[in-house]
>>> print(open('final.cif').read())   # mmCIF, C-alpha atoms
data_input
loop_
_atom_site.label_atom_id
_atom_site.label_comp_id
_atom_site.auth_asym_id
_atom_site.auth_seq_id
_atom_site.Cartn_x
_atom_site.Cartn_y
_atom_site.Cartn_z
CA MET A 1 24.83 106.51 -46.99
CA ILE A 2 28.25 107.74 -48.17
CA LEU A 3 29.13 108.72 -44.61
CA GLU A 4 28.23 105.24 -43.37
CA PHE A 5 30.38 103.69 -46.11
CA LEU A 6 33.36 105.90 -45.19
CA LEU A 7 32.93 105.01 -41.52
CA GLN A 8 33.00 101.28 -42.35
CA LEU A 9 36.08 101.81 -44.52
CA LEU A 10 37.89 103.62 -41.71
CA GLN A 11 36.98 100.86 -39.28
CA ALA A 12 38.32 98.24 -41.68
CA MET A 13 41.56 100.21 -42.17
CA PHE A 14 41.95 100.55 -38.41
CA HIS A 15 41.35 96.83 -37.99
CA VAL A 16 44.01 95.98 -40.59
CA PHE A 17 46.43 98.44 -38.99
CA SER A 18 45.91 97.07 -35.49
CA PHE A 19 46.02 93.52 -36.84
CA SER A 20 49.39 94.15 -38.49
CA ARG A 21 50.72 95.68 -35.29
CA LYS A 22 49.91 92.42 -33.47
CA THR A 23 52.18 90.45 -35.76
CA LEU A 24 55.13 92.58 -34.68
CA SER A 25 54.81 91.88 -30.96
CA ASN A 26 55.60 88.17 -30.99
CA SER A 27 55.68 85.39 -33.54
CA LEU A 28 54.83 81.68 -33.52
CA ASN A 29 55.49 79.82 -36.75
CA ILE A 30 52.91 77.10 -37.34
CA TYR A 31 51.41 75.15 -40.24
CA ILE A 32 47.77 75.25 -41.33
CA LYS A 33 46.68 72.06 -43.09
CA SER A 34 43.43 71.98 -45.08
CA SER A 35 41.24 68.95 -45.66
CA ASN A 36 42.36 68.67 -49.31
CA GLY A 37 45.99 68.22 -48.28
CA ASN A 38 47.31 71.76 -48.86
CA THR A 39 49.58 73.19 -46.16
CA LEU A 40 50.13 76.88 -45.34
CA SER A 41 53.00 78.26 -43.27
CA VAL A 42 51.92 81.25 -41.17
CA SER A 43 53.31 83.37 -38.36
CA LEU A 44 50.84 84.14 -35.56
CA ASP A 45 50.93 86.09 -32.34
CA PRO A 46 50.41 83.76 -29.32
CA LYS A 47 48.14 86.44 -27.81
CA TRP A 48 45.66 86.20 -30.68
CA ASP A 49 42.45 84.25 -30.39
CA ILE A 50 41.10 81.73 -32.91
CA LYS A 51 38.83 84.37 -34.45
CA ASN A 52 41.96 86.33 -35.46
CA VAL A 53 43.47 83.18 -36.96
CA LYS A 54 40.37 82.58 -39.08
CA GLN A 55 40.54 86.14 -40.41
CA VAL A 56 44.15 85.57 -41.52
CA ILE A 57 43.82 82.16 -43.16
CA ALA A 58 40.27 82.33 -44.60
CA PRO A 59 41.24 84.41 -47.69
CA LYS A 60 44.09 81.96 -48.42
CA LEU A 61 41.58 79.10 -48.39
CA GLY A 62 39.03 80.96 -50.51
CA LEU A 63 36.53 81.04 -47.64
CA SER A 64 34.99 83.58 -45.32
CA PRO A 65 36.07 83.48 -41.65
CA GLU A 66 32.59 82.25 -40.69
CA GLU A 67 33.02 79.21 -42.97
CA VAL A 68 36.32 78.10 -41.40
CA LYS A 69 36.52 75.53 -38.64
CA ILE A 70 39.85 75.15 -36.75
CA ILE A 71 40.67 71.71 -35.33
CA PHE A 72 43.51 70.96 -32.93
CA ALA A 73 44.19 67.97 -30.64
CA GLY A 74 40.77 66.43 -31.21
CA LYS A 75 38.76 69.61 -30.65
CA GLU A 76 37.08 72.26 -32.76
CA LEU A 77 38.42 75.43 -31.14
CA GLU A 78 36.17 78.25 -29.96
CA ASP A 79 36.65 81.70 -31.49
CA SER A 80 37.54 83.05 -28.03
CA THR A 81 40.30 80.47 -27.40
CA VAL A 82 43.71 82.14 -27.14
CA ILE A 83 46.55 80.52 -29.09
CA GLU A 84 48.97 80.41 -26.16
CA ASP A 85 46.42 78.35 -24.19
CA CYS A 86 46.41 75.60 -26.83
CA ASP A 87 49.79 74.05 -25.96
CA LEU A 88 51.11 74.91 -29.42
CA GLY A 89 54.83 74.90 -30.12
CA GLU A 90 56.98 75.99 -33.03
CA GLN A 91 55.95 74.30 -36.30
CA SER A 92 52.84 72.75 -34.73
CA ILE A 93 49.94 71.93 -37.04
CA LEU A 94 46.40 73.32 -36.98
CA HIS A 95 43.75 71.86 -39.28
CA ALA A 96 41.40 74.23 -41.10
CA VAL A 97 38.29 72.76 -42.77
CA LYS A 98 35.09 74.16 -44.20
CA SER A 99 32.07 73.93 -41.93
CA ARG A 100 29.25 71.79 -43.27
CA GLN A 101 25.83 73.39 -43.72
CA ASP A 102 24.30 70.83 -41.38
CA HIS A 103 27.12 71.30 -38.89
CA THR A 104 26.06 71.79 -35.29
CA ALA A 105 28.51 73.88 -33.30
CA ARG A 106 30.67 71.58 -31.20
CA ALA A 107 33.45 74.04 -30.52
CA SER A 108 35.22 73.64 -27.21
CA LYS A 109 38.51 74.11 -25.43
CA PRO A 110 41.58 72.21 -26.65
CA LEU A 111 42.14 68.75 -25.18
CA ASN A 112 44.89 69.85 -22.81
CA GLU A 113 42.48 72.40 -21.27
CA ALA A 114 39.40 70.18 -21.30
CA LEU A 115 41.18 67.47 -19.31
CA LYS A 116 41.86 68.31 -15.70
CA ASP A 117 43.89 65.24 -14.82
CA LEU A 118 44.64 62.03 -16.67
CA GLN A 119 46.80 60.62 -13.89
CA LEU A 120 44.19 57.94 -13.15
CA GLY A 121 44.79 54.25 -13.46
CA LYS A 122 41.16 53.16 -13.46
CA ILE A 123 37.63 54.53 -13.45
CA SER A 124 35.75 54.52 -10.15
CA GLU A 125 33.30 56.68 -8.23
CA ALA A 126 36.22 57.81 -6.08
CA ASP A 127 38.16 58.94 -9.14
CA ASP A 128 35.12 60.82 -10.48
CA ALA A 129 34.77 62.61 -7.16
CA ILE A 130 38.47 63.50 -7.15
CA GLU A 131 38.11 64.88 -10.67
CA GLU A 132 35.38 67.28 -9.56
CA ARG A 133 36.68 68.28 -6.11
CA VAL A 134 40.33 67.94 -5.30
CA ILE A 135 42.28 68.43 -8.52
CA GLU A 136 42.35 72.03 -9.64
CA ARG A 137 41.64 72.87 -13.25
CA ARG A 138 45.00 73.20 -14.93
CA ARG A 139 46.89 72.25 -18.03
CA VAL A 140 47.67 68.56 -17.96
CA HIS A 141 51.30 67.48 -18.00
CA PHE A 142 52.20 64.00 -19.12
CA TYR A 143 55.57 62.31 -19.07
CA VAL A 144 57.11 60.61 -22.08
CA TYR A 145 60.35 59.12 -23.31
CA CYS A 146 61.56 61.07 -26.33
CA ALA A 147 63.72 58.76 -28.45
CA THR A 148 64.10 60.90 -31.57
CA THR A 149 65.53 64.22 -30.38
CA CYS A 150 65.89 64.57 -26.61
CA THR A 151 66.68 60.88 -25.86
CA GLY A 152 65.39 61.19 -22.33
CA VAL A 153 62.37 61.47 -20.06
CA ARG A 154 60.54 64.72 -20.75
CA GLU A 155 57.18 66.40 -20.30
CA GLY A 156 54.83 65.45 -23.11
CA LYS A 157 51.58 66.53 -24.72
CA LEU A 158 48.57 64.50 -25.80
CA ARG A 159 47.42 64.49 -29.42
CA VAL A 160 44.74 62.63 -31.36
CA ARG A 161 44.20 61.57 -34.98
CA CYS A 162 41.92 59.38 -37.06
CA SER A 163 42.81 55.71 -36.60
CA ALA A 164 42.05 54.99 -40.28
CA CYS A 165 43.72 57.79 -42.29
CA LYS A 166 45.98 59.17 -39.49
CA SER A 167 44.77 62.72 -40.14
CA GLY A 168 44.72 65.24 -37.30
CA ALA A 169 41.52 66.81 -38.70
CA PHE A 170 39.57 64.72 -36.22
CA THR A 171 37.22 65.73 -33.39
CA VAL A 172 36.46 63.36 -30.52
CA ASP A 173 32.92 62.71 -29.32
CA SER A 174 34.05 62.57 -25.69
CA ASP A 175 37.18 63.22 -23.66
CA PRO A 176 39.24 60.25 -22.42
CA ARG A 177 38.64 59.52 -18.74
CA CYS A 178 41.44 57.04 -17.99
CA TRP A 179 44.64 55.63 -19.42
CA SER A 180 42.75 52.72 -20.96
CA ASP A 181 40.84 55.19 -23.13
CA VAL A 182 44.13 56.63 -24.37
CA LEU A 183 46.26 53.51 -24.80
CA ASP A 184 43.61 51.27 -26.37
CA HIS A 185 42.38 52.10 -29.85
CA ARG A 186 38.70 51.98 -30.80
CA LYS A 187 37.55 53.17 -27.37
CA ILE A 188 36.44 56.73 -28.26
CA SER A 189 34.59 57.63 -31.45
CA GLY A 190 34.76 60.87 -33.39
CA HIS A 191 34.40 62.65 -36.74
CA CYS A 192 37.12 62.81 -39.41
CA GLU A 193 37.15 65.87 -41.69
CA GLN A 194 39.81 64.53 -44.06
CA GLU A 195 38.69 64.10 -47.66
CA GLY A 196 38.89 60.47 -48.81
CA CYS A 197 39.12 58.92 -45.34
CA PRO A 198 38.36 55.16 -45.72
CA ASP A 199 36.20 55.17 -42.58
CA GLY A 200 34.14 58.14 -43.81
CA PRO A 201 33.06 60.97 -41.51
CA VAL A 202 32.58 58.73 -38.45
CA GLY A 203 35.56 56.84 -37.10
CA TRP A 204 37.70 56.01 -34.08
CA ALA A 205 40.22 58.18 -32.25
CA GLU A 206 43.88 57.19 -32.02
CA PHE A 207 45.68 59.01 -29.20
CA TYR A 208 49.43 59.52 -29.20
CA PHE A 209 52.02 61.63 -27.41
CA LYS A 210 54.65 64.15 -28.45
CA CYS A 211 57.60 65.60 -26.58
CA SER A 212 56.92 69.19 -25.52
CA GLU A 213 60.56 70.22 -25.25
CA HIS A 214 61.65 70.30 -28.89
CA THR A 215 60.31 71.80 -32.09
CA SER A 216 57.52 69.74 -33.61
CA GLN A 217 58.59 67.47 -36.45
CA GLY A 218 55.11 66.93 -37.83
CA GLU A 219 52.26 64.57 -37.09
CA ARG A 220 54.58 61.55 -37.27
CA ASP A 221 56.65 62.87 -34.38
CA GLN A 222 55.82 60.62 -31.41
CA ALA A 223 57.08 59.76 -27.93
CA VAL A 224 56.49 56.79 -25.61
CA PRO A 225 53.96 57.56 -22.82
CA LEU A 226 55.26 56.87 -19.31
CA TYR A 227 51.85 56.42 -17.76
CA LEU A 228 53.09 55.33 -14.32
CA ILE A 229 54.80 58.71 -13.77
CA ARG A 230 52.18 61.17 -12.54
CA ALA A 231 51.88 64.56 -10.95
CA ASN A 232 51.49 64.03 -7.21
CA LEU A 233 48.34 66.15 -6.88
CA ARG A 234 47.17 63.98 -4.00
CA GLU A 235 50.40 64.54 -2.02
CA VAL A 236 50.97 60.85 -1.32
CA PRO A 237 54.26 60.10 0.52
CA CYS A 238 56.93 57.83 -0.95
CA LEU A 239 56.78 54.27 0.38
CA ALA A 240 60.56 54.28 0.96
CA CYS A 241 61.63 57.75 2.16
CA THR A 242 58.13 59.05 3.14
CA ASP A 243 58.83 62.41 1.46
CA VAL A 244 56.08 64.03 -0.60
CA SER A 245 57.60 64.60 -4.04
CA ASP A 246 56.35 65.64 -7.46
CA PRO A 247 56.20 63.86 -9.83
CA VAL A 248 56.02 60.29 -8.53
CA LEU A 249 55.80 56.77 -9.92
CA VAL A 250 52.65 54.79 -9.10
CA PHE A 251 53.13 51.02 -9.25
CA PRO A 252 50.46 49.00 -11.11
CA CYS A 253 49.50 47.00 -8.02
CA GLU A 254 46.09 46.83 -6.37
CA ALA A 255 47.25 49.15 -3.58
CA SER A 256 48.78 51.61 -6.11
CA HIS A 257 51.90 52.16 -4.01
CA VAL A 258 53.75 55.41 -4.67
CA THR A 259 57.49 56.04 -4.81
CA CYS A 260 59.45 59.18 -5.58
CA LEU A 261 61.63 59.04 -8.69
CA ASP A 262 64.89 59.10 -6.70
CA CYS A 263 63.84 56.07 -4.65
CA PHE A 264 62.62 54.33 -7.80
CA ARG A 265 66.08 54.78 -9.33
CA GLN A 266 67.68 53.42 -6.16
CA TYR A 267 65.30 50.46 -6.23
CA CYS A 268 66.15 49.73 -9.88
CA VAL A 269 69.91 50.07 -9.37
CA SER A 270 69.99 47.81 -6.30
CA ARG A 271 67.92 45.12 -8.02
CA LEU A 272 70.04 45.48 -11.13
CA GLN A 273 73.29 45.01 -9.21
CA GLU A 274 71.82 41.96 -7.49
CA ARG A 275 70.33 40.65 -10.76
CA GLN A 276 66.93 40.43 -9.14
CA PHE A 277 64.83 41.76 -12.02
CA VAL A 278 62.00 39.46 -13.13
CA SER A 279 62.11 37.89 -16.58
CA ASP A 280 58.47 37.65 -17.67
CA ALA A 281 57.38 35.90 -20.87
CA GLN A 282 55.03 38.74 -21.90
CA LEU A 283 56.51 41.82 -20.23
CA GLY A 284 60.22 41.06 -20.56
CA TYR A 285 62.85 42.09 -18.00
CA THR A 286 61.02 44.11 -15.37
CA LEU A 287 60.34 44.79 -11.69
CA PRO A 288 57.33 44.38 -9.36
CA CYS A 289 56.20 46.71 -6.59
CA PRO A 290 58.93 46.72 -3.88
CA ALA A 291 56.27 46.16 -1.22
CA GLY A 292 55.82 42.61 -2.57
CA CYS A 293 52.37 43.12 -4.10
CA PRO A 294 51.19 40.40 -6.54
CA ASN A 295 50.44 41.24 -10.18
CA SER A 296 52.46 44.46 -10.00
CA LEU A 297 55.05 44.05 -12.78
CA ILE A 298 55.86 47.19 -14.80
CA ALA A 299 54.63 46.61 -18.35
CA GLU A 300 56.29 49.54 -20.17
CA CYS A 301 60.07 49.04 -20.07
CA HIS A 302 60.74 52.69 -21.01
CA HIS A 303 60.04 53.63 -17.38
CA PHE A 304 63.55 52.27 -16.72
CA ARG A 305 64.86 55.11 -18.89
CA LEU A 306 64.97 57.02 -15.61
CA LEU A 307 68.29 55.21 -15.14
CA THR A 308 71.53 56.60 -16.55
CA ASP A 309 72.57 55.53 -20.05
CA GLN A 310 75.18 53.18 -18.57
CA GLN A 311 72.68 51.62 -16.16
CA TYR A 312 70.07 51.23 -18.89
CA ALA A 313 72.64 49.54 -21.15
CA GLN A 314 73.34 47.11 -18.32
CA TYR A 315 69.61 46.56 -17.91
CA GLN A 316 69.32 45.71 -21.60
CA ARG A 317 72.32 43.38 -21.45
CA PHE A 318 70.96 41.54 -18.43
CA GLY A 319 67.57 41.26 -20.11
CA ALA A 320 69.20 39.72 -23.18
CA GLU A 321 71.12 37.31 -20.98
CA GLU A 322 67.93 36.23 -19.22
CA TYR A 323 66.49 35.51 -22.63
CA VAL A 324 69.52 33.33 -23.35
CA LEU A 325 68.92 31.46 -20.10
CA LYS A 326 65.48 30.46 -21.25
CA ALA A 327 67.09 29.03 -24.38
CA GLY A 328 69.06 26.57 -22.21
CA GLY A 329 72.20 28.63 -21.57
CA VAL A 330 73.73 29.62 -18.22
CA LEU A 331 75.21 32.88 -16.92
CA CYS A 332 78.29 33.34 -14.83
CA PRO A 333 77.09 34.43 -11.34
CA GLN A 334 80.33 36.24 -10.50
CA PRO A 335 79.58 39.93 -9.71
CA GLY A 336 80.63 42.15 -12.60
CA CYS A 337 80.72 39.29 -15.10
CA GLY A 338 77.40 37.67 -16.03
CA ALA A 339 78.74 36.19 -19.25
CA GLY A 340 76.48 33.83 -21.15
CA ILE A 341 77.76 30.27 -21.35
CA LEU A 342 76.47 27.41 -23.47
CA ALA A 343 77.37 24.11 -21.84
CA ASP A 344 76.31 20.48 -21.74
CA PRO A 345 72.97 20.44 -19.88
CA ASP A 346 74.11 17.34 -17.94
CA CYS A 347 77.28 19.00 -16.68
CA THR A 348 76.99 20.65 -13.24
CA ARG A 349 80.56 21.99 -13.01
CA ILE A 350 80.78 25.13 -15.12
CA VAL A 351 83.92 27.18 -15.78
CA CYS A 352 83.51 30.75 -17.06
CA GLN A 353 85.90 31.05 -19.97
CA ASN A 354 85.05 34.65 -20.86
CA GLY A 355 87.58 36.37 -18.61
CA CYS A 356 86.80 35.79 -14.94
CA GLY A 357 87.46 32.01 -14.79
CA PHE A 358 84.92 31.49 -12.00
CA VAL A 359 84.03 27.85 -11.34
CA PHE A 360 80.46 27.38 -10.17
CA CYS A 361 77.61 24.91 -9.77
CA ARG A 362 75.08 24.98 -12.56
CA LEU A 363 72.22 24.04 -10.20
CA CYS A 364 72.55 26.63 -7.43
CA LEU A 365 74.87 29.16 -9.18
CA GLN A 366 77.19 29.22 -6.14
CA GLY A 367 80.87 28.34 -6.12
CA TYR A 368 81.42 24.74 -7.19
CA HIS A 369 80.94 22.34 -4.29
CA ILE A 370 80.74 18.66 -3.42
CA GLY A 371 77.42 17.45 -2.08
CA GLU A 372 73.90 18.85 -2.14
CA CYS A 373 73.12 22.45 -3.08
CA GLN A 374 71.68 24.97 -0.68
CA THR A 375 67.98 25.73 -1.07
CA ARG A 376 66.97 29.06 -2.61
CA GLU A 377 65.55 30.15 0.77
CA GLN A 378 68.90 29.47 2.45
CA ILE A 379 70.73 31.49 -0.20
CA VAL A 380 68.37 34.45 0.13
CA ALA A 381 68.48 34.29 3.94
CA SER A 382 72.29 34.35 3.94
CA GLY A 383 72.46 37.37 1.62
CA SER A 384 71.41 40.97 2.07
CA SER A 385 69.59 43.53 -0.06
CA SER A 386 70.50 47.19 -0.25
CA TYR A 387 66.86 48.20 -0.81
CA SER A 388 64.06 47.37 1.60
CA VAL A 389 60.59 48.71 2.30
CA ASP A 390 59.04 49.20 5.71
CA PRO A 391 55.50 47.67 5.69
CA ASN A 392 54.21 50.55 7.83
CA ARG A 393 55.48 53.08 5.29
CA ALA A 394 53.99 51.09 2.45
CA ALA A 395 50.58 51.24 4.17
CA THR A 396 50.56 55.05 3.93
CA ALA A 397 52.00 55.32 0.41
CA ARG A 398 48.89 54.26 -1.46
CA TRP A 399 47.63 56.36 -4.36
CA ASP A 400 43.93 55.63 -3.82
CA GLU A 401 43.92 55.80 -0.01
CA ALA A 402 44.54 59.54 0.01
CA SER A 403 41.58 59.94 -2.33
CA ARG A 404 39.25 57.97 -0.10
CA VAL A 405 40.25 59.94 3.01
CA THR A 406 39.69 63.26 1.22
CA ILE A 407 36.29 62.14 -0.06
CA ARG A 408 35.14 61.15 3.43
CA VAL A 409 36.20 64.51 4.87
CA MET A 410 35.15 66.89 2.08
CA THR A 411 31.92 65.41 0.71
CA LYS A 412 28.47 64.13 1.54
CA PRO A 413 26.74 61.30 -0.36
CA CYS A 414 23.75 62.00 -2.57
CA PRO A 415 20.62 60.67 -0.75
CA LYS A 416 19.50 58.90 -3.93
CA CYS A 417 22.56 57.41 -5.67
CA ARG A 418 25.19 57.87 -2.89
CA THR A 419 27.63 59.71 -5.20
CA ALA A 420 30.16 61.78 -3.23
CA THR A 421 29.20 65.46 -3.67
CA GLU A 422 30.82 68.68 -2.44
CA ARG A 423 29.20 72.10 -2.14
CA ASP A 424 31.57 74.67 -3.69
CA GLY A 425 29.62 77.82 -2.84
CA GLY A 426 26.21 79.46 -3.10
CA CYS A 427 23.10 78.43 -1.21
CA MET A 428 22.48 75.12 0.59
CA HIS A 429 20.49 73.71 -2.33
CA MET A 430 22.34 70.75 -3.87
CA VAL A 431 21.93 69.01 -7.24
CA CYS A 432 23.61 65.67 -7.89
CA THR A 433 25.56 65.78 -11.17
CA ARG A 434 25.03 62.06 -11.70
CA CYS A 435 21.31 61.42 -11.04
CA ASN A 436 20.07 65.09 -10.99
CA PHE A 437 18.47 64.62 -7.52
CA HIS A 438 17.76 67.88 -5.61
CA TRP A 439 18.22 68.20 -1.88
CA SER A 440 19.43 70.63 0.80
#
>>> encode(input="final.cif", output="structure tokens")
Amino acid sequence: MILEFLLQLLQAMFHVFSFSRKTLSNSLNIYIKSSNGNTLSVSLDPKWDIKNVKQVIAPKLGLSPEEVKIIFAGKELEDSTVIEDCDLGEQSILHAVKSRQDHTARASKPLNEALKDLQLGKISEADDAIEERVIERRRVHFYVYCATTCTGVREGKLRVRCSACKSGAFTVDSDPRCWSDVLDHRKISGHCEQEGCPDGPVGWAEFYFKCSEHTSQGERDQAVPLYLIRANLREVPCLACTDVSDPVLVFPCEASHVTCLDCFRQYCVSRLQERQFVSDAQLGYTLPCPAGCPNSLIAECHHFRLLTDQQYAQYQRFGAEEYVLKAGGVLCPQPGCGAGILADPDCTRIVCQNGCGFVFCRLCLQGYHIGECQTREQIVASGSSSYSVDPNRAATARWDEASRVTIRVMTKPCPKCRTATERDGGCMHMVCTRCNFHWS
């Protein structure tokens, strides 16, 4: 009996010794927030697993390691999950709560590991098949505009919190499958572990993004998601230069045309110089797909942050001027000027008095003339654009077309529900993941 006790004591001492040695190898400073609002600052080794973390923080919470539940990015983390696989940065926040007695284990991988690819614009059978076959399991990279620290386009990371109390001690009932699930609130339900939450234990998830390239500034640290910029896992060529680049921008048109970021910048700059952006009542000053697709205007203006600071300032100025136009004003059409002018609406002869002195016709915005104005078609036909798209190239630069071709080549339809299915090894016996039909 005494020998057994001494053996257990030696094992415990060895565990403490080896545990302390781990802390010397590497250090990640993070915060542990409990459900009652208390926050602990701890240093952890990125090579540790969640079981090690529980052993460190449980005594500080007055709990045993078995009673502690660790929540991060909408998931209860498994004991075997390694810290460095959780997409944690310096001063990131983990939530530690006490497991309920009626709690059913729902532990899983963190959200960035559970998601394989959130580069989808819509849900379809083709997208589901791509999820399971073509896209390798890997950490998801998103793209964001960081306005607080980096002031630029950066890689981002997805986070989730309770939509009612804004606490990160929240676990989702299901993973998001498309951008609509992420951008629209009240689409995915979950459980909030924060004491005093107005919605109680069951609520709605609120997804948000953070920049991954600077030290975390807490749960209020957010970035703007650039959801049209995606990893080119399908190797779709650019509609302008035909190169296969990564990442790419996918236009929100029905054909989902793809352009590389360099060609997108060129497209923006040329349209900016020619003042050919579209002024939309809901979306503001924006651009459509260069292939001429209908209903393809870019809704999130921060995608134009891919421009230089000077170009983006010009974009903002032109957007403001277009707003003035809708208020009854007029802009000087002289290249390099564009000054806003308020004039008598019945006067057709306008003189720019803000520096350039250009005299122009209010109706057609050409140099002042006697007689009828040219039609808009005549003006466009007489001019030239520095950016054009070959229709044949545009036909091959479609985001969804590459998916459909791959599905036809790599899969066979289920005999019962026709879902595209691929055999990834083993015997010839097949089981459909959608309808559970068995066949060979």
>>> resolve_selection(input="final.cif", expression="the PyMOL selection byres ((chain A and resi 215) around 6)", output="list of chain:residue names")
A:Glu90, A:His214, A:Ser216
>>> resolve_selection(input="final.cif", expression="the PyMOL selection byres ((chain A and resi 290) around 8)", output="NGL selection string")
:A and (267 or 288-289 or 291-293 or 388-389)
>>> resolve_selection(input="final.cif", expression="the PyMOL selection byres ((chain A and resi 54) around 8)", output="list in words")
Ile50, Lys51, Asn52, Val53, Gln55, Val56, Ile57, Ala58, Pro65, Glu66, Val68 and Ile70 of chain A
>>> write_last_selection(input="final.cif", atoms="C-alpha atoms", output="compact mmCIF listing (two decimals), in the frame of the given file")
# COMPACT_ATOMS: atom_id res chain seq x y z
CA ILE A 50 41.10 81.73 -32.91
CA LYS A 51 38.83 84.37 -34.45
CA ASN A 52 41.96 86.33 -35.46
CA VAL A 53 43.47 83.18 -36.96
CA GLN A 55 40.54 86.14 -40.41
CA VAL A 56 44.15 85.57 -41.52
CA ILE A 57 43.82 82.16 -43.16
CA ALA A 58 40.27 82.33 -44.60
CA PRO A 65 36.07 83.48 -41.65
CA GLU A 66 32.59 82.25 -40.69
CA VAL A 68 36.32 78.10 -41.40
CA ILE A 70 39.85 75.15 -36.75
>>> closest_residue(input="final.cif", among="A:Lys60, A:His257, A:Lys47, A:His369", to="Arg393 of chain A", atoms="only C-alpha atoms")
A:His257
>>> residues_around(input="final.cif", residues="segment 243-251 of chain A", least_positions_apart="3", cutoff="7 Å", atoms="all atoms listed in the file", output="compact mmCIF listing (two decimals) with C-alpha atoms, in the coordinates of the input")
# COMPACT_ATOMS: atom_id res chain seq x y z
CA LEU A 228 53.09 55.33 -14.32
CA ILE A 229 54.80 58.71 -13.77
CA ARG A 230 52.18 61.17 -12.54
CA ALA A 231 51.88 64.56 -10.95
CA ASN A 232 51.49 64.03 -7.21
CA GLU A 235 50.40 64.54 -2.02
CA VAL A 236 50.97 60.85 -1.32
CA PRO A 237 54.26 60.10 0.52
CA CYS A 238 56.93 57.83 -0.95
CA SER A 256 48.78 51.61 -6.11
CA HIS A 257 51.90 52.16 -4.01
CA VAL A 258 53.75 55.41 -4.67
CA THR A 259 57.49 56.04 -4.81
CA CYS A 260 59.45 59.18 -5.58
CA LEU A 261 61.63 59.04 -8.69
CA CYS A 289 56.20 46.71 -6.59
CA SER A 296 52.46 44.46 -10.00
>>> residues_around(input="final.cif", residues="Ser41 of chain A", least_positions_apart="3", cutoff="8 Å", atoms="only C-alpha atoms", output="MDAnalysis selection string")
chainID A and resid 29:32
>>> atom_distance(input="final.cif", atom1="atom CA of Gly89 of chain A", atom2="atom CA of Phe170 of chain A")
19.3 Å
>>> residues_around(input="final.cif", residues="Ser174 of chain A", least_positions_apart="4", cutoff="9 Å", atoms="only C-alpha atoms", output="ChimeraX atom specification")
/A:188-190
>>> atom_distance(input="final.cif", atom1="atom CA of Leu283 of chain A", atom2="atom CA of Glu155 of chain A")
24.6 Å
>>> residues_near_point(input="final.cif", point="(62.5, 60.8, -24.8)", cutoff="12 Å", atoms="all atoms listed in the file", output="PyMOL selection string")
chain A and resi 143-156+209-214+221-226+302-306
>>> write_last_selection(input="final.cif", atoms="C-alpha atoms", output="compact mmCIF listing (two decimals), in the frame of the given file")
# COMPACT_ATOMS: atom_id res chain seq x y z
CA TYR A 143 55.57 62.31 -19.07
CA VAL A 144 57.11 60.61 -22.08
CA TYR A 145 60.35 59.12 -23.31
CA CYS A 146 61.56 61.07 -26.33
CA ALA A 147 63.72 58.76 -28.45
CA THR A 148 64.10 60.90 -31.57
CA THR A 149 65.53 64.22 -30.38
CA CYS A 150 65.89 64.57 -26.61
CA THR A 151 66.68 60.88 -25.86
CA GLY A 152 65.39 61.19 -22.33
CA VAL A 153 62.37 61.47 -20.06
CA ARG A 154 60.54 64.72 -20.75
CA GLU A 155 57.18 66.40 -20.30
CA GLY A 156 54.83 65.45 -23.11
CA PHE A 209 52.02 61.63 -27.41
CA LYS A 210 54.65 64.15 -28.45
CA CYS A 211 57.60 65.60 -26.58
CA SER A 212 56.92 69.19 -25.52
CA GLU A 213 60.56 70.22 -25.25
CA HIS A 214 61.65 70.30 -28.89
CA ASP A 221 56.65 62.87 -34.38
CA GLN A 222 55.82 60.62 -31.41
CA ALA A 223 57.08 59.76 -27.93
CA VAL A 224 56.49 56.79 -25.61
CA PRO A 225 53.96 57.56 -22.82
CA LEU A 226 55.26 56.87 -19.31
CA HIS A 302 60.74 52.69 -21.01
CA HIS A 303 60.04 53.63 -17.38
CA PHE A 304 63.55 52.27 -16.72
CA ARG A 305 64.86 55.11 -18.89
CA LEU A 306 64.97 57.02 -15.61
>>> closest_atom_pairs(input="final.cif", of="segment 301-320 of chain A", to="segment 327-348 of chain A", cutoff="12 Å", atoms="all atoms listed in the file", output="CSV")
residue,atom,partner,partner_atom,distance
A:Gln314,CA,A:Gly336,CA,10.5
A:Tyr315,CA,A:Gly338,CA,12.0
A:Arg317,CA,A:Gly338,CA,9.4
A:Phe318,CA,A:Gly338,CA,7.9
A:Gly319,CA,A:Gly338,CA,11.2
A:Ala320,CA,A:Gly340,CA,9.6
>>> axis_aligned_box(input="final.cif", around="segment 208-212 of chain A", padding_each_side="4 Å", output="lines of an AutoDock Vina configuration file")
center_x = 53.5
center_y = 64.4
center_z = -27.4
size_x = 16.2
size_y = 17.7
size_z = 11.7
>>> atom_distance(input="final.cif", atom1="atom CA of Val97 of chain A", atom2="atom CA of Glu193 of chain A")
7.1 Å
>>> closest_residue(input="final.cif", among="A:Ala73, A:Pro413, A:Lys98, A:Thr242", to="Asp175 of chain A", atoms="all atoms listed in the file")
A:Ala73
>>> closest_residue(input="final.cif", among="A:Pro201, A:Pro252, A:Pro294, A:Gly367", to="Val172 of chain A", atoms="only C-alpha atoms")
A:Pro201
>>> residues_around(input="final.cif", residues="segment 159-169 of chain A", least_positions_apart="4", cutoff="10 Å", atoms="all atoms listed in the file", output="PyMOL selection string")
chain A and resi 33-35+37+70-76+93-97+111-112+182+185-186+189-200+202-210+219-220+222
